[in-house]
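Asks: Below are the structure tokens for one structure; questions will follow.
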Amino acid sequence: MSGLLSEDVLSHIGTQSAPRREIATRRDIRKYAIATDNRQAKYLDGDVAPPLFHLHLFWDVVPLDKLSPDGVSIDSLLPKFPLEKAMAGGLDITYHKPIKPGDWLTATRTLTDIYEKAGRSGPLIFYEVLMEVRDDYDELVVTEKTTRILR
Amino acid sequence: MSPAPVVGMAIPERQHCCDEVQLMLYNASLWNGHRIHFDMPYSTEVEGYPGLVVAGPLMGDWLHQVVDEWLGDAGMITGIEYSNRIAAYVGETVTAGGTVTAYDEGTGQVTLEVFVKNACDEVLTPGVITARLMLAS
């Protein structure tokens with residue numbers, strides 16, 4: 001280990017956010033479908049949510065004075081990293097069951113890993129956040145693993 | 001859809017051209033206030049982009065849509081892995097598409113390699129989607 005990541009930073013692995021519970025509404029599904037260029041009637045009418053709708057449902061809703069000057073909300077799950085320039089990240093999503101209007105869903109986010117690798121032009125920090133979305137029967141609806149890279 | 005999937009088969013492509021209004025509505029629907037999506041002086045002068053940046057997850061949505069339209073009511077997407085590698089900008093026409101890379105007739109599981117690419121044929125958003133077809137019994 002090259003020691004870029006202090007024990008304090010690494011101690012954040014396993015940190016979990018407070019669960020967030022939201023309701024999927026027909027109006028929100030319709031807005032999302034229209035804004036994404038969707039052209040299938042079942043989504044445009046809001047009968048069922050298109051895949052990726054959970055992004056809309058669980059994007060952090062923060063007060064204006066909690067946004068950074070560039071308009072981004074600061075992820076409270078993350079420690080202060082020694083590298084801060086974000087590079088492309090990746091998503092790995094599993095859809096377990098569809099989301100319909102009226103569904104109450106609860107999302108829990110966990111910081112599951114932080115590690116470093118040598119990149120071509122210097123060290124890189126990777127971190128992974130797992131989000132689990134469950135319905136009121138505690139059944140999994142969506143699982144999403146986000147991997148982000150900092151340089 | 002669509003005849004039975006055959007490995008190597010390309011699915012119908014779809015073009016998207018995001019304008020300012022669509023990008024605003026999309027980010028508003030998420031509650032995404034990142035200035036690179038609506039504040040032209042900030043995006044170009046502070047961040048050094050050539051224009052307003054199309055939101056990464058919107059291109060992720062287009063990956064889903066190109067497969068979901070091909071599936072129609074015959075199946076559903078069960079998973080995706082993708083990453084945003086290169087940005088797209090407001091006013092740019094991009095193309096979403098994909099190719100079947102595996103199909104299991106027994107389970108109905110189909111895997112596709114998917115992309116969003118720009119006019120220079122650069123892949124902006126590569127991904128892999130898995131879906132399950134309802135099998136006629």
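Every chain in the structure tokens has a letter given in the order shown (A, B, ...), and although residue numbers restart at 1 in each chain, ligands are simply numbered from 1 in the order shown.
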Would you write out, as a Markdown table, a table of all residues in chain B that have an atom no more than 6 Å from an atom of chain A, listing for each the closest atom pair and the distance in Å to one decimal, considering only C-alpha atoms and ordering rows by chain and rising residue number?
Replies:
| residue | atom | partner | partner_atom | distance |
| --- | --- | --- | --- | --- |
| B:Gln22 | CA | A:Ala35 | CA | 5.7 |
| B:Leu25 | CA | A:Ala35 | CA | 5.7 |
| B:Tyr26 | CA | A:Ala35 | CA | 4.8 |
| B:Leu30 | CA | A:His56 | CA | 4.6 |
| B:Gly33 | CA | A:Gly71 | CA | 4.7 |
| B:His34 | CA | A:Gly71 | CA | 4.3 |
| B:Arg35 | CA | A:Asp70 | CA | 5.5 |
| B:Thr78 | CA | A:Tyr95 | CA | 4.8 |
| B:Gly79 | CA | A:Thr94 | CA | 4.3 |
| B:Ile80 | CA | A:Ile93 | CA | 5.3 |
| B:Glu81 | CA | A:Asp92 | CA | 4.3 |
| B:Tyr82 | CA | A:Leu91 | CA | 5.5 |
| B:Ser83 | CA | A:Gly90 | CA | 4.1 |
| B:Asn84 | CA | A:Ala88 | CA | 5.7 |
| B:Arg85 | CA | A:Ala88 | CA | 5.7 |
Asks: Emit the selected residues as an mmCIF file, in the first residue's frame, including C-alpha atoms.
Replies:
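Written output follows (result_7.cif):
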data_model
loop_
_atom_site.group_PDB
_atom_site.id
_atom_site.type_symbol
_atom_site.label_atom_id
_atom_site.label_comp_id
_atom_site.auth_asym_id
_atom_site.auth_seq_id
_atom_site.Cartn_x
_atom_site.Cartn_y
_atom_site.Cartn_z
ATOM 1 C CA GLN B 22 -34.801 18.701 -22.417
ATOM 2 C CA LEU B 25 -36.333 19.265 -17.541
ATOM 3 C CA TYR B 26 -34.279 16.111 -17.024
ATOM 4 C CA LEU B 30 -33.758 14.622 -10.605
ATOM 5 C CA GLY B 33 -28.344 21.612 -9.942
ATOM 6 C CA HIS B 34 -24.873 21.019 -11.444
ATOM 7 C CA ARG B 35 -24.042 24.193 -13.381
ATOM 8 C CA THR B 78 -32.725 -7.391 -15.537
ATOM 9 C CA GLY B 79 -29.396 -5.601 -15.250
ATOM 10 C CA ILE B 80 -26.883 -3.185 -16.723
ATOM 11 C CA GLU B 81 -23.240 -2.323 -16.299
ATOM 12 C CA TYR B 82 -22.130 0.897 -17.941
ATOM 13 C CA SER B 83 -19.771 3.828 -17.611
ATOM 14 C CA ASN B 84 -19.677 7.374 -18.944
ATOM 15 C CA ARG B 85 -16.305 7.689 -20.707
#
Asks: Taking 6 positions as the minimum chain separation for residues in the same chain, which residues sit within 6 Å of Leu52 (chain B) when counting only C-alpha atoms? Answer as a PyMOL selection string.
Replies: chain B and resi 36-37+89-90
Asks: Write out, as a CSV table (one decimal), in the first residue's frame, the residues just selected, with all heavy atoms.
Replies:
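The result, stored in selection_19.csv:
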chain,number,residue,atom,x,y,z
B,36,ILE,N,-22.8,22.8,-14.9
B,36,ILE,CA,-22.3,22.4,-16.3
B,36,ILE,C,-23.4,22.0,-17.2
B,36,ILE,O,-23.2,21.9,-18.4
B,36,ILE,CB,-21.2,21.3,-16.2
B,36,ILE,CG1,-21.9,20.0,-15.6
B,36,ILE,CG2,-20.0,21.7,-15.4
B,36,ILE,CD1,-20.9,18.8,-15.7
B,37,HIS,N,-24.6,21.8,-16.6
B,37,HIS,CA,-25.8,21.4,-17.5
B,37,HIS,C,-26.6,22.6,-17.9
B,37,HIS,O,-27.5,22.4,-18.8
B,37,HIS,CB,-26.6,20.4,-16.7
B,37,HIS,CG,-25.9,19.2,-16.3
B,37,HIS,ND1,-25.1,18.4,-17.1
B,37,HIS,CD2,-25.8,18.6,-15.1
B,37,HIS,CE1,-24.6,17.4,-16.5
B,37,HIS,NE2,-24.9,17.5,-15.2
B,89,TYR,N,-22.5,17.0,-25.7
B,89,TYR,CA,-22.9,18.4,-25.5
B,89,TYR,C,-24.3,18.7,-26.1
B,89,TYR,O,-24.7,18.0,-27.1
B,89,TYR,CB,-21.8,19.3,-26.0
B,89,TYR,CG,-20.5,19.0,-25.3
B,89,TYR,CD1,-19.6,18.2,-25.9
B,89,TYR,CD2,-20.2,19.5,-24.0
B,89,TYR,CE1,-18.4,17.8,-25.3
B,89,TYR,CE2,-19.1,19.2,-23.4
B,89,TYR,CZ,-18.2,18.3,-24.0
B,89,TYR,OH,-17.0,18.0,-23.3
B,90,VAL,N,-24.9,19.7,-25.5
B,90,VAL,CA,-26.2,20.1,-26.0
B,90,VAL,C,-26.1,20.4,-27.5
B,90,VAL,O,-25.2,21.1,-28.0
B,90,VAL,CB,-26.7,21.3,-25.2
B,90,VAL,CG1,-27.8,22.1,-26.0
B,90,VAL,CG2,-27.3,20.9,-23.9
Asks: Need the shell around Ala118 (chain A): protein/DNA/RNA residues with any atom at most 12 Å away, counting only C-alpha atoms. Skip same-chain ones fewer than 4 positions apart. Format as a JSON list (two decimals) with all heavy atoms, in the first residue's frame?
Replies:
[["chain", "number", "residue", "atom", "x", "y", "z"],
["A", 1, "MET", "N", 0.84, -1.21, 0.00],
["A", 1, "MET", "CA", 0.00, 0.00, 0.00],
["A", 1, "MET", "C", 0.87, 1.25, 0.00],
["A", 1, "MET", "O", 1.82, 1.34, 0.77],
["A", 1, "MET", "CB", -0.87, -0.06, 1.27],
["A", 1, "MET", "CG", -1.93, 0.99, 1.30],
["A", 1, "MET", "SD", -3.07, 0.67, 2.67],
["A", 1, "MET", "CE", -3.06, 2.27, 3.46],
["A", 2, "SER", "N", 0.58, 2.18, -0.88],
["A", 2, "SER", "CA", 1.43, 3.36, -0.99],
["A", 2, "SER", "C", 1.07, 4.42, 0.04],
["A", 2, "SER", "O", 1.72, 5.44, 0.14],
["A", 2, "SER", "CB", 1.34, 3.94, -2.40],
["A", 2, "SER", "OG", 0.16, 4.70, -2.53],
["A", 3, "GLY", "N", 0.01, 4.20, 0.79],
["A", 3, "GLY", "CA", -0.27, 5.05, 1.93],
["A", 3, "GLY", "C", -0.99, 6.34, 1.62],
["A", 3, "GLY", "O", -1.03, 7.25, 2.44],
["A", 4, "LEU", "N", -1.58, 6.44, 0.44],
["A", 4, "LEU", "CA", -2.36, 7.62, 0.09],
["A", 4, "LEU", "C", -3.62, 7.70, 0.95],
["A", 4, "LEU", "O", -4.08, 8.78, 1.31],
["A", 4, "LEU", "CB", -2.74, 7.53, -1.40],
["A", 4, "LEU", "CG", -3.29, 8.77, -2.08],
["A", 4, "LEU", "CD1", -2.30, 9.93, -2.00],
["A", 4, "LEU", "CD2", -3.59, 8.46, -3.54],
["A", 122, "GLY", "N", -0.28, 8.77, -12.37],
["A", 122, "GLY", "CA", -0.32, 9.00, -10.93],
["A", 122, "GLY", "C", -1.33, 8.10, -10.26],
["A", 122, "GLY", "O", -2.01, 7.31, -10.91],
["A", 123, "PRO", "N", -1.41, 8.22, -8.93],
["A", 123, "PRO", "CA", -2.30, 7.32, -8.19],
["A", 123, "PRO", "C", -3.77, 7.67, -8.41],
["A", 123, "PRO", "O", -4.13, 8.81, -8.72],
["A", 123, "PRO", "CB", -1.90, 7.58, -6.73],
["A", 123, "PRO", "CG", -1.32, 8.94, -6.73],
["A", 123, "PRO", "CD", -0.70, 9.16, -8.08],
["A", 124, "LEU", "N", -4.62, 6.67, -8.29],
["A", 124, "LEU", "CA", -6.06, 6.83, -8.42],
["A", 124, "LEU", "C", -6.72, 6.26, -7.17],
["A", 124, "LEU", "O", -6.26, 5.26, -6.62],
["A", 124, "LEU", "CB", -6.59, 6.06, -9.64],
["A", 124, "LEU", "CG", -6.00, 6.42, -11.00],
["A", 124, "LEU", "CD1", -6.46, 5.41, -12.05],
["A", 124, "LEU", "CD2", -6.43, 7.83, -11.41],
["A", 125, "ILE", "N", -7.78, 6.92, -6.74],
["A", 125, "ILE", "CA", -8.58, 6.39, -5.64],
["A", 125, "ILE", "C", -9.91, 5.91, -6.22],
["A", 125, "ILE", "O", -10.55, 6.62, -7.00],
["A", 125, "ILE", "CB", -8.82, 7.46, -4.56],
["A", 125, "ILE", "CG1", -7.50, 7.83, -3.88],
["A", 125, "ILE", "CG2", -9.84, 6.96, -3.52],
["A", 125, "ILE", "CD1", -7.63, 8.97, -2.89],
["A", 126, "PHE", "N", -10.30, 4.71, -5.83],
["A", 126, "PHE", "CA", -11.59, 4.16, -6.23],
["A", 126, "PHE", "C", -12.47, 4.06, -4.98],
["A", 126, "PHE", "O", -11.97, 3.71, -3.92],
["A", 126, "PHE", "CB", -11.44, 2.74, -6.79],
["A", 126, "PHE", "CG", -10.75, 2.67, -8.12],
["A", 126, "PHE", "CD1", -9.40, 2.95, -8.23],
["A", 126, "PHE", "CD2", -11.46, 2.30, -9.25],
["A", 126, "PHE", "CE1", -8.75, 2.87, -9.46],
["A", 126, "PHE", "CE2", -10.82, 2.22, -10.48],
["A", 126, "PHE", "CZ", -9.48, 2.50, -10.59],
["A", 149, "ILE", "N", -14.02, 7.09, -9.57],
["A", 149, "ILE", "CA", -12.56, 7.18, -9.61],
["A", 149, "ILE", "C", -12.17, 8.64, -9.40],
["A", 149, "ILE", "O", -12.74, 9.54, -10.01],
["A", 149, "ILE", "CB", -12.02, 6.69, -10.97],
["A", 149, "ILE", "CG1", -12.57, 5.29, -11.29],
["A", 149, "ILE", "CG2", -10.49, 6.68, -10.97],
["A", 149, "ILE", "CD1", -12.29, 4.85, -12.72],
["A", 150, "LEU", "N", -11.19, 8.85, -8.51],
["A", 150, "LEU", "CA", -10.66, 10.20, -8.25],
["A", 150, "LEU", "C", -9.18, 10.23, -8.62],
["A", 150, "LEU", "O", -8.46, 9.25, -8.42],
["A", 150, "LEU", "CB", -10.82, 10.56, -6.77],
["A", 150, "LEU", "CG", -12.22, 10.46, -6.18],
["A", 150, "LEU", "CD1", -12.16, 10.62, -4.66],
["A", 150, "LEU", "CD2", -13.13, 11.53, -6.79],
["A", 151, "ARG", "N", -8.75, 11.37, -9.17],
["A", 151, "ARG", "CA", -7.31, 11.49, -9.48],
["A", 151, "ARG", "C", -6.76, 12.81, -8.97],
["A", 151, "ARG", "O", -7.53, 13.72, -8.68],
["A", 151, "ARG", "CB", -7.05, 11.34, -10.97],
["A", 151, "ARG", "CG", -7.58, 12.45, -11.84],
["A", 151, "ARG", "CD", -7.19, 12.21, -13.29],
["A", 151, "ARG", "NE", -8.02, 13.00, -14.20],
["A", 151, "ARG", "CZ", -7.73, 14.26, -14.56],
["A", 151, "ARG", "NH1", -6.66, 14.85, -14.10],
["A", 151, "ARG", "NH2", -8.53, 14.93, -15.36]]
Asks: List every residue of chain B that DSSP, applied to the backbone, labels as strand (DSSP E or B), and write the result as an MDAnalysis selection string.
Replies: chainID B and resid 10:17 53 75:83 89 93:104 109:117 123:133
Asks: I'd like the contact shell of Val9 (chain A) - 12 Å cut-off, only C-alpha atoms, skipping same-chain residues fewer than 2 positions apart - returned as a ChimeraX atom specification.
Replies: /A:3-7,11-15,77-83,111,113-116,125,127
Asks: Could you name the residues that touch Thr108 (chain A) at 10 Å or less, counting only C-alpha atoms, but leaving out those on the same chain fewer than 4 positions away, as a VMD selection string?
Replies: chain A and resid 16 to 21 58 130 to 134 143
Asks: Can you spit out the residues from that selection as an mmCIF file, in the first residue's frame, using N, CA, C and O atoms?
Replies:
data_model
loop_
_atom_site.group_PDB
_atom_site.id
_atom_site.type_symbol
_atom_site.label_atom_id
_atom_site.label_comp_id
_atom_site.auth_asym_id
_atom_site.auth_seq_id
_atom_site.Cartn_x
_atom_site.Cartn_y
_atom_site.Cartn_z
ATOM 1 N N GLN A 16 -23.081 3.710 6.565
ATOM 2 C CA GLN A 16 -24.386 3.551 5.915
ATOM 3 C C GLN A 16 -25.210 4.814 6.120
ATOM 4 O O GLN A 16 -25.167 5.424 7.185
ATOM 5 N N SER A 17 -25.954 5.185 5.070
ATOM 6 C CA SER A 17 -26.819 6.356 5.177
ATOM 7 C C SER A 17 -28.109 5.969 5.891
ATOM 8 O O SER A 17 -28.487 4.801 5.930
ATOM 9 N N ALA A 18 -28.780 6.969 6.440
ATOM 10 C CA ALA A 18 -30.112 6.720 6.995
ATOM 11 C C ALA A 18 -31.026 6.309 5.839
ATOM 12 O O ALA A 18 -30.947 6.875 4.753
ATOM 13 N N PRO A 19 -31.886 5.309 6.052
ATOM 14 C CA PRO A 19 -32.785 4.885 4.973
ATOM 15 C C PRO A 19 -33.675 6.033 4.527
ATOM 16 O O PRO A 19 -34.075 6.867 5.336
ATOM 17 N N ARG A 20 -33.924 6.125 3.202
ATOM 18 C CA ARG A 20 -34.835 7.153 2.681
ATOM 19 C C ARG A 20 -36.033 6.486 2.054
ATOM 20 O O ARG A 20 -35.890 5.555 1.266
ATOM 21 N N ARG A 21 -37.207 6.952 2.438
ATOM 22 C CA ARG A 21 -38.433 6.329 1.950
ATOM 23 C C ARG A 21 -39.155 7.330 1.071
ATOM 24 O O ARG A 21 -39.372 8.478 1.474
ATOM 25 N N PHE A 58 -34.350 8.800 -5.867
ATOM 26 C CA PHE A 58 -33.434 8.864 -4.721
ATOM 27 C C PHE A 58 -32.258 9.815 -4.919
ATOM 28 O O PHE A 58 -31.300 9.779 -4.165
ATOM 29 N N LEU A 130 -22.923 1.061 -2.522
ATOM 30 C CA LEU A 130 -24.008 0.134 -2.853
ATOM 31 C C LEU A 130 -25.325 0.738 -2.388
ATOM 32 O O LEU A 130 -25.451 1.135 -1.228
ATOM 33 N N MET A 131 -26.276 0.832 -3.308
ATOM 34 C CA MET A 131 -27.613 1.292 -2.920
ATOM 35 C C MET A 131 -28.595 0.138 -3.097
ATOM 36 O O MET A 131 -28.646 -0.482 -4.162
ATOM 37 N N GLU A 132 -29.329 -0.124 -2.033
ATOM 38 C CA GLU A 132 -30.379 -1.151 -2.105
ATOM 39 C C GLU A 132 -31.723 -0.472 -1.985
ATOM 40 O O GLU A 132 -31.952 0.295 -1.051
ATOM 41 N N VAL A 133 -32.605 -0.761 -2.929
ATOM 42 C CA VAL A 133 -33.965 -0.215 -2.894
ATOM 43 C C VAL A 133 -34.917 -1.373 -2.611
ATOM 44 O O VAL A 133 -34.904 -2.373 -3.330
ATOM 45 N N ARG A 134 -35.697 -1.226 -1.537
ATOM 46 C CA ARG A 134 -36.635 -2.287 -1.154
ATOM 47 C C ARG A 134 -38.048 -1.740 -1.076
ATOM 48 O O ARG A 134 -38.254 -0.556 -0.813
ATOM 49 N N THR A 143 -30.877 -3.044 -7.041
ATOM 50 C CA THR A 143 -29.571 -2.981 -6.390
ATOM 51 C C THR A 143 -28.643 -2.236 -7.331
ATOM 52 O O THR A 143 -28.612 -2.547 -8.526
#
Asks: From the DSSP assignment of the backbone, select every residue of region 29-67 of chain B that is helix (DSSP H, G or I), and format the answer as a list in words.
Replies: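 Here is the list: Ser29, Leu30, Arg35, Ile36, His37, Met40, Pro41, Tyr42, Ser43, Thr44, Glu45, Val46, Gly56, Pro57, Leu58, Met59, Gly60, Asp61, Trp62, Leu63, His64, Gln65, Val66 and Val67 of chain B.
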Asks: Selection from above, N, CA and C atoms, as a compact mmCIF listing (two decimals), in the first residue's frame, can you write it?
Replies:
# COMPACT_ATOMS: atom_id res chain seq x y z
N SER B 29 -36.04 17.19 -12.98
CA SER B 29 -36.77 16.03 -12.49
C SER B 29 -35.94 15.25 -11.46
N LEU B 30 -34.62 15.30 -11.59
CA LEU B 30 -33.76 14.62 -10.61
C LEU B 30 -33.50 15.48 -9.37
N ARG B 35 -24.06 23.08 -12.42
CA ARG B 35 -24.04 24.19 -13.38
C ARG B 35 -23.58 23.82 -14.78
N ILE B 36 -22.78 22.77 -14.91
CA ILE B 36 -22.27 22.41 -16.25
C ILE B 36 -23.40 22.03 -17.20
N HIS B 37 -24.62 21.83 -16.64
CA HIS B 37 -25.75 21.43 -17.48
C HIS B 37 -26.63 22.61 -17.92
N MET B 40 -23.95 28.30 -19.21
CA MET B 40 -22.96 28.25 -20.30
C MET B 40 -21.64 28.93 -19.93
N PRO B 41 -21.64 30.17 -19.37
CA PRO B 41 -20.35 30.76 -19.02
C PRO B 41 -19.58 29.89 -18.01
N TYR B 42 -20.30 29.30 -17.04
CA TYR B 42 -19.62 28.45 -16.06
C TYR B 42 -19.02 27.22 -16.75
N SER B 43 -19.82 26.56 -17.59
CA SER B 43 -19.37 25.32 -18.22
C SER B 43 -18.16 25.56 -19.11
N THR B 44 -18.19 26.65 -19.88
CA THR B 44 -17.11 26.89 -20.85
C THR B 44 -15.91 27.60 -20.22
N GLU B 45 -16.18 28.64 -19.41
CA GLU B 45 -15.06 29.46 -18.91
C GLU B 45 -14.43 28.89 -17.64
N VAL B 46 -15.24 28.33 -16.75
CA VAL B 46 -14.69 27.81 -15.49
C VAL B 46 -14.25 26.35 -15.67
N GLY B 56 -24.71 12.59 -17.59
CA GLY B 56 -24.26 11.21 -17.79
C GLY B 56 -25.38 10.19 -17.67
N PRO B 57 -26.20 10.26 -16.60
CA PRO B 57 -27.25 9.25 -16.46
C PRO B 57 -28.33 9.32 -17.55
N LEU B 58 -28.46 10.48 -18.22
CA LEU B 58 -29.41 10.55 -19.33
C LEU B 58 -28.93 9.64 -20.47
N MET B 59 -27.62 9.64 -20.70
CA MET B 59 -27.09 8.72 -21.73
C MET B 59 -27.22 7.28 -21.25
N GLY B 60 -27.10 7.06 -19.94
CA GLY B 60 -27.35 5.73 -19.39
C GLY B 60 -28.79 5.30 -19.65
N ASP B 61 -29.72 6.25 -19.55
CA ASP B 61 -31.12 5.95 -19.83
C ASP B 61 -31.31 5.56 -21.28
N TRP B 62 -30.61 6.23 -22.18
CA TRP B 62 -30.73 5.90 -23.62
C TRP B 62 -30.24 4.49 -23.91
N LEU B 63 -29.22 4.02 -23.15
CA LEU B 63 -28.79 2.62 -23.31
C LEU B 63 -29.94 1.68 -22.99
N HIS B 64 -30.63 1.98 -21.87
CA HIS B 64 -31.79 1.14 -21.50
C HIS B 64 -32.86 1.18 -22.58
N GLN B 65 -33.16 2.41 -23.05
CA GLN B 65 -34.29 2.56 -23.97
C GLN B 65 -34.11 1.81 -25.28
N VAL B 66 -32.87 1.82 -25.79
CA VAL B 66 -32.69 1.19 -27.10
C VAL B 66 -32.96 -0.32 -26.99
N VAL B 67 -32.62 -0.90 -25.84
CA VAL B 67 -32.89 -2.33 -25.63
C VAL B 67 -34.36 -2.55 -25.25
Asks: Looking at B:Thr125, B:Trp70, B:Leu23, B:Val100, which one is nearest to Glu113 (chain B), with distances taken over only C-alpha atoms?
Replies: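 Closest to Glu113 (chain B) of all the choices is B:Val100.
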Asks: Can you list, as JSON, numbers by chain, every protein, DNA or RNA residue that comes within 7 Å of Ala131 (chain B) when you count only C-alpha atoms, leaving out same-chain residues fewer than 2 positions away?
Replies: {"B": [75, 76, 77, 78, 79, 109, 110, 111, 129, 133]}
Asks: Could you tell me how far CA of His16 (chain B) lies from CA of Val141 (chain A), in Å and to one decimal?
Replies: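 CA of Val141 (chain A) lies at a distance of 28.6 Å from CA of His16 (chain B).
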Asks: Which distance in Å separates CA of Ile11 (chain B) and CA of Gly106 (chain B), to one decimal?
Replies: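 Between these atoms lies a distance of 21.2 Å.
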Asks: With only C-alpha atoms as the atoms that count, which of B:Leu112, B:Ala88, B:Ala55, B:Ala102 lies nearest to Ala28 (chain B)?
Replies: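 For Ala28 (chain B), the nearest of the given residues is B:Ala55.
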Asks: Return the single residue from B:Asp68, B:Glu105, B:Asp73, B:Glu92 that is closest to Leu135 (chain B), with distances computed using only C-alpha atoms.
Replies: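 Of B:Asp68, B:Glu105, B:Asp73, B:Glu92, the one nearest Leu135 (chain B) is B:Glu105, counting only C-alpha atoms.
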Asks: Calculate how many Å separate CA of Thr95 (chain B) from CA of Arg27 (chain A), rounding to one decimal.
Replies: 28.3 Å
